[in-house]
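A.B. asks: Pasting a structure below so you can have a look.
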2 protein chains.
Amino acid sequence: MGIQERKERERETRRSMIIDAAERVIFANRIDTSTMEQIAEEAELSKGTLYLYFKSKTDLYLAIQERGMSILADKLARVLGEKRKGIELLKRFGEVYFDYANQYPNYFNAEMFCRSHEFIEEVTASELFQCTREKRIEIVNFLIRGIQIGLQDGSIRRDVKPEELSLMLYASLNGMIQVYMLRRQAEKHDLFPEVKLDLDHVVQDFIRILLDGLSPHTLTDSQSVYATQALIPS
Amino acid sequence: MGIQERKERERETRRSMIIDAAERVIFANRIDTSTMEQIAEEAELSKGTLYLYFKSKTDLYLAIQERGMSILADKLARVLGEKRKGIELLKRFGEVYFDYANQYPNYFNAEMFCRSHEFIEEVTASELFQCTREKRIEIVNFLIRGIQIGLQDGSIRRDVKPEELSLMLYASLNGMIQVYMLRRQAEKHDLFPEVKLDLDHVVQDFIRILLDGLSPHTLTDSQSVYATQALIPS
DNA sequence: AGTATATTATGACTTACAGTCAATTACTAA
DNA sequence: TTAGTAATTGACTGTAAGTCATAATATACT
């Protein structure tokens, strides 16, 4: 039965074209000012057809988010391929996530939008939401692998469970990048003139500090070590 | 002219009553399913009147967010009053923020919602948005104070600027709590059955690890690379 | 007091858009 | 060819945010 399969394929293609159109419209404007009518027009379809492929506007946006997450997952998979120490893998994961957000701010925004809708909407019931959830688990699993490697090669302290730690890394860096993106956007509109921070460095420093906390290290009587270096400029 | 002042006062009271009503309606349901009509009814006013006090629904929600932030700011101010070492202050800040989110999940949600709308809407232009921005600066300033104290008493490493570090702490913990809240909500709906984490401990451990990274410490030989980096002032 | 003016409140109305569905068109199979 | 099925359409519905002419009420003035 080749016809069934061809139809299946065609359906998948059309679905993909709709997402393409949606991206073009939404990324050029904003999600809240883009209408299903516009997207339909861009896709050269009628509005009704959109609803044969996506059960709501949010659902369509979830599909966009999923694309972004797939890109990120690929990038992380590649990092895991590099044979490095666990702690270095985590550092690379962090950098890659940050790069991703810079390279695809629209996908990152989509992720943030969808997350906020987890709070306020019944997205949780959506089938597509389940997909993005799986993608997120996939992403976190890369982190878990990295942590496990680090535990084995001794580059990561042993008092935290990989599942917990992976969540921490993902969540905290996500929050960090979120603020990063907001401030960058704000700067575009000439807000936040009060303190100009080198945001890129802040994120990088954050990764460094967080990983410092992860290293197995001995704490010393702090004052004695640093008293001598009391006048550090920065 | 006491009349002007009385009117001013009355206006403020009414405004406050509207926010009260909005909270009752929105917190009992959700922001997306609550209508201005409902809120007006709850406030025993007409819809039009609401728009004399708030220029949009989002604006009204921003006012709710602002209340939450004020509560948080108060809590943080109280912590700063406790005379402690800088690093301990930061720990307390973290714990207090976490407590706040648990105690007032609705306010925290409002914060998340409004943040996501910074991405997608022209809230930035709103006067009220400027207020919440100031509140956020106020909150971050408490962190800066704590860090400065820590730098002076030597309990915090010296290679990061207070402005930068405060942003990191705020942003990362925010991301962490965000995920915490989402999973708690998901658990309520019996999602995420795959891995049961003790979420409360994850957050507490996160704070610990992050602060470990902040302590001035010596790293063991195997991590010499990171030790070097760590001591380079940005 | 009564009257003019300013302030505040109202709710019917407009507008916009998400989502639906009966009707239409395009395919498939016999 | 034709009956049957699947995909597509766009006019239609419902809803809710936001507006505005009108009304009610408070203040100031003579």
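In the structure tokens, chains take the letters A, B, ... in the order shown, each chain's residues start at 1, and ligands count up from 1 in the order shown.
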What lies within 9 Å of stretch 29-43 of chain A using only C-alpha atoms (C1' of nucleotides), ignoring chain neighbours under 2 positions off, as a PyMOL selection string?
C.D. replies: (chain A and resi 17-27+45-50+57+61+110) or (chain B and resi 119-121) or (chain C and resi 17-18)
A.B. asks: Near D:DA3, counting only C-alpha atoms (C1' of nucleotides), which residues have an atom at most 12 Å away, once you skip same-chain residues fewer than 4 positions from it, shown as a compact mmCIF listing (two decimals) with C-alpha atoms (C1' of nucleotides), in the first residue's frame?
C.D. replies:
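Result saved to around-v9.txt:
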```
# COMPACT_ATOMS: atom_id res chain seq x y z
C1' DT C 28 -9.22 6.83 -4.76
C1' DA C 29 -11.09 2.46 -5.74
C1' DA C 30 -14.23 -0.59 -7.97
```
A.B. asks: Skipping near chain neighbours, those fewer than 5 positions away, what residues fall within 12 Å of C:DT14 using only C-alpha atoms (C1' of nucleotides), listed as a VMD selection string?
C.D. replies: chain D and resid 17 to 20
A.B. asks: Considering only C-alpha atoms, can you say which of B:Glu187, B:Asp200, B:Glu88, B:Glu118 comes closest to chain A?
C.D. replies: B:Glu118
A.B. asks: Write out as a PyMOL selection string all residues of stretch 118-213 of chain A that backbone DSSP assigns to alpha helix (DSSP H).
C.D. replies: chain A and resi 118-120+127-153+162-188+199-213
A.B. asks: Write out as a list of chain:residue names each polymer residue whose atoms come within 12 Å of B:Ala125, counting only C-alpha atoms (C1' of nucleotides); drop sequence neighbours fewer than 6 positions from it.
C.D. replies: A:Ala186, A:His189, A:Asp190, A:Leu191, B:Lys55, B:Asp59, B:His117, B:Glu118, B:Cys131, B:Arg133
A.B. asks: Given a cut-off of 8 Å, which residues of chain D touch chain A, counting only C-alpha atoms (C1' of nucleotides), written out as a JSON list (two decimals) with N, CA and C atoms (P, O5', C5', C4', C3', O3' and C1' of nucleotides), in the first residue's frame?
C.D. replies:
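As a result, result_2.json now contains:
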```
[["chain", "number", "residue", "atom", "x", "y", "z"],
["D", 8, "DT", "P", -5.24, 19.24, 2.35],
["D", 8, "DT", "O5'", -6.45, 20.22, 2.07],
["D", 8, "DT", "C5'", -6.76, 20.53, 0.70],
["D", 8, "DT", "C4'", -7.89, 21.52, 0.67],
["D", 8, "DT", "C3'", -7.63, 22.82, 1.44],
["D", 8, "DT", "O3'", -7.60, 23.87, 0.48],
["D", 8, "DT", "C1'", -9.83, 22.00, 1.80],
["D", 9, "DT", "P", -7.18, 25.32, 0.89],
["D", 9, "DT", "O5'", -8.61, 25.99, 1.07],
["D", 9, "DT", "C5'", -9.48, 26.02, -0.06],
["D", 9, "DT", "C4'", -10.86, 26.41, 0.37],
["D", 9, "DT", "C3'", -10.94, 27.76, 1.09],
["D", 9, "DT", "O3'", -11.56, 28.68, 0.22],
["D", 9, "DT", "C1'", -12.33, 26.10, 2.11],
["D", 10, "DG", "P", -11.04, 30.17, 0.06],
["D", 10, "DG", "O5'", -12.23, 30.95, 0.74],
["D", 10, "DG", "C5'", -13.57, 30.62, 0.43],
["D", 10, "DG", "C4'", -14.46, 30.99, 1.60],
["D", 10, "DG", "C3'", -14.07, 32.30, 2.31],
["D", 10, "DG", "O3'", -15.25, 32.94, 2.79],
["D", 10, "DG", "C1'", -14.09, 30.59, 3.86]]
```
A.B. asks: Which chain C residues have any atom within 12 Å of an atom of chain B, and for each, what is the nearest pair of atoms with distance in Å to one decimal, counting only C-alpha atoms (C1' of nucleotides), rows sorted by chain and number, as a Markdown table?
C.D. replies:
```
| residue | atom | partner | partner_atom | distance |
| --- | --- | --- | --- | --- |
| C:DT7 | C1' | B:Lys7 | CA | 10.2 |
| C:DT8 | C1' | B:Thr49 | CA | 8.5 |
| C:DA9 | C1' | B:Thr49 | CA | 6.2 |
| C:DT10 | C1' | B:Ser46 | CA | 6.3 |
| C:DG11 | C1' | B:Ser46 | CA | 7.3 |
| C:DA12 | C1' | B:Gly48 | CA | 11.1 |
```
A.B. asks: What is the distance, in Å and to one decimal place, between atom CA of A:Gln152 and atom CA of A:Leu80?
C.D. replies: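 Between atom CA of A:Gln152 and atom CA of A:Leu80 the gap works out to 15.1 Å.
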A.B. asks: List as a PyMOL selection string the protein and nucleic acid residues near stretch 104-109 of chain A, meaning an atom at most 6 Å away when only C-alpha atoms (C1' of nucleotides) are counted, but skip any in the same chain fewer than 3 places from it.
C.D. replies: chain A and resi 65+68+100-101+112
A.B. asks: Please dump the current selection as a CSV table (one decimal), in the first residue's frame; keep N, CA and C atoms.
C.D. replies:
```csv
chain,number,residue,atom,x,y,z
A,65,GLN,N,8.7,25.7,18.6
A,65,GLN,CA,9.6,25.5,19.8
A,65,GLN,C,10.3,24.2,19.6
A,68,GLY,N,13.3,24.3,17.5
A,68,GLY,CA,14.4,24.8,18.2
A,68,GLY,C,15.1,23.8,19.1
A,100,TYR,N,23.5,28.9,21.1
A,100,TYR,CA,22.2,28.5,20.5
A,100,TYR,C,21.3,29.7,20.6
A,101,ALA,N,21.2,30.2,21.9
A,101,ALA,CA,20.2,31.3,22.2
A,101,ALA,C,20.6,32.5,21.3
A,112,MET,N,10.5,30.3,25.7
A,112,MET,CA,10.1,31.0,26.9
A,112,MET,C,8.6,31.2,26.9
```
A.B. asks: Using only C-alpha atoms, which of B:Leu128, B:Ile139, B:Ala77, B:Phe113 sits nearest chain A?
C.D. replies: B:Phe113
A.B. asks: May I ask for the distance between atom CA of A:Arg67 and atom CA of A:Phe206, given in Å to one decimal place?
C.D. replies: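 Interatomic distance, atom CA of A:Arg67 to atom CA of A:Phe206: 27.0 Å.
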A.B. asks: Hey, can you check how far atom CA of B:Tyr170 sits from atom CA of B:Lys188?
C.D. replies: 26.8 Å
A.B. asks: What's around stretch 173-175 of chain A at 8 Å? Count only C-alpha atoms (C1' of nucleotides), leave out sequence neighbours fewer than 5 positions away in its own chain, and write the answer as a list of chain:residue names.
C.D. replies: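 After dropping sequence-adjacent residues, the list is A:Gly94, A:Ile207, B:Ala171, B:Ser172, B:Leu173, B:Asn174, B:Gly175, B:Met176.
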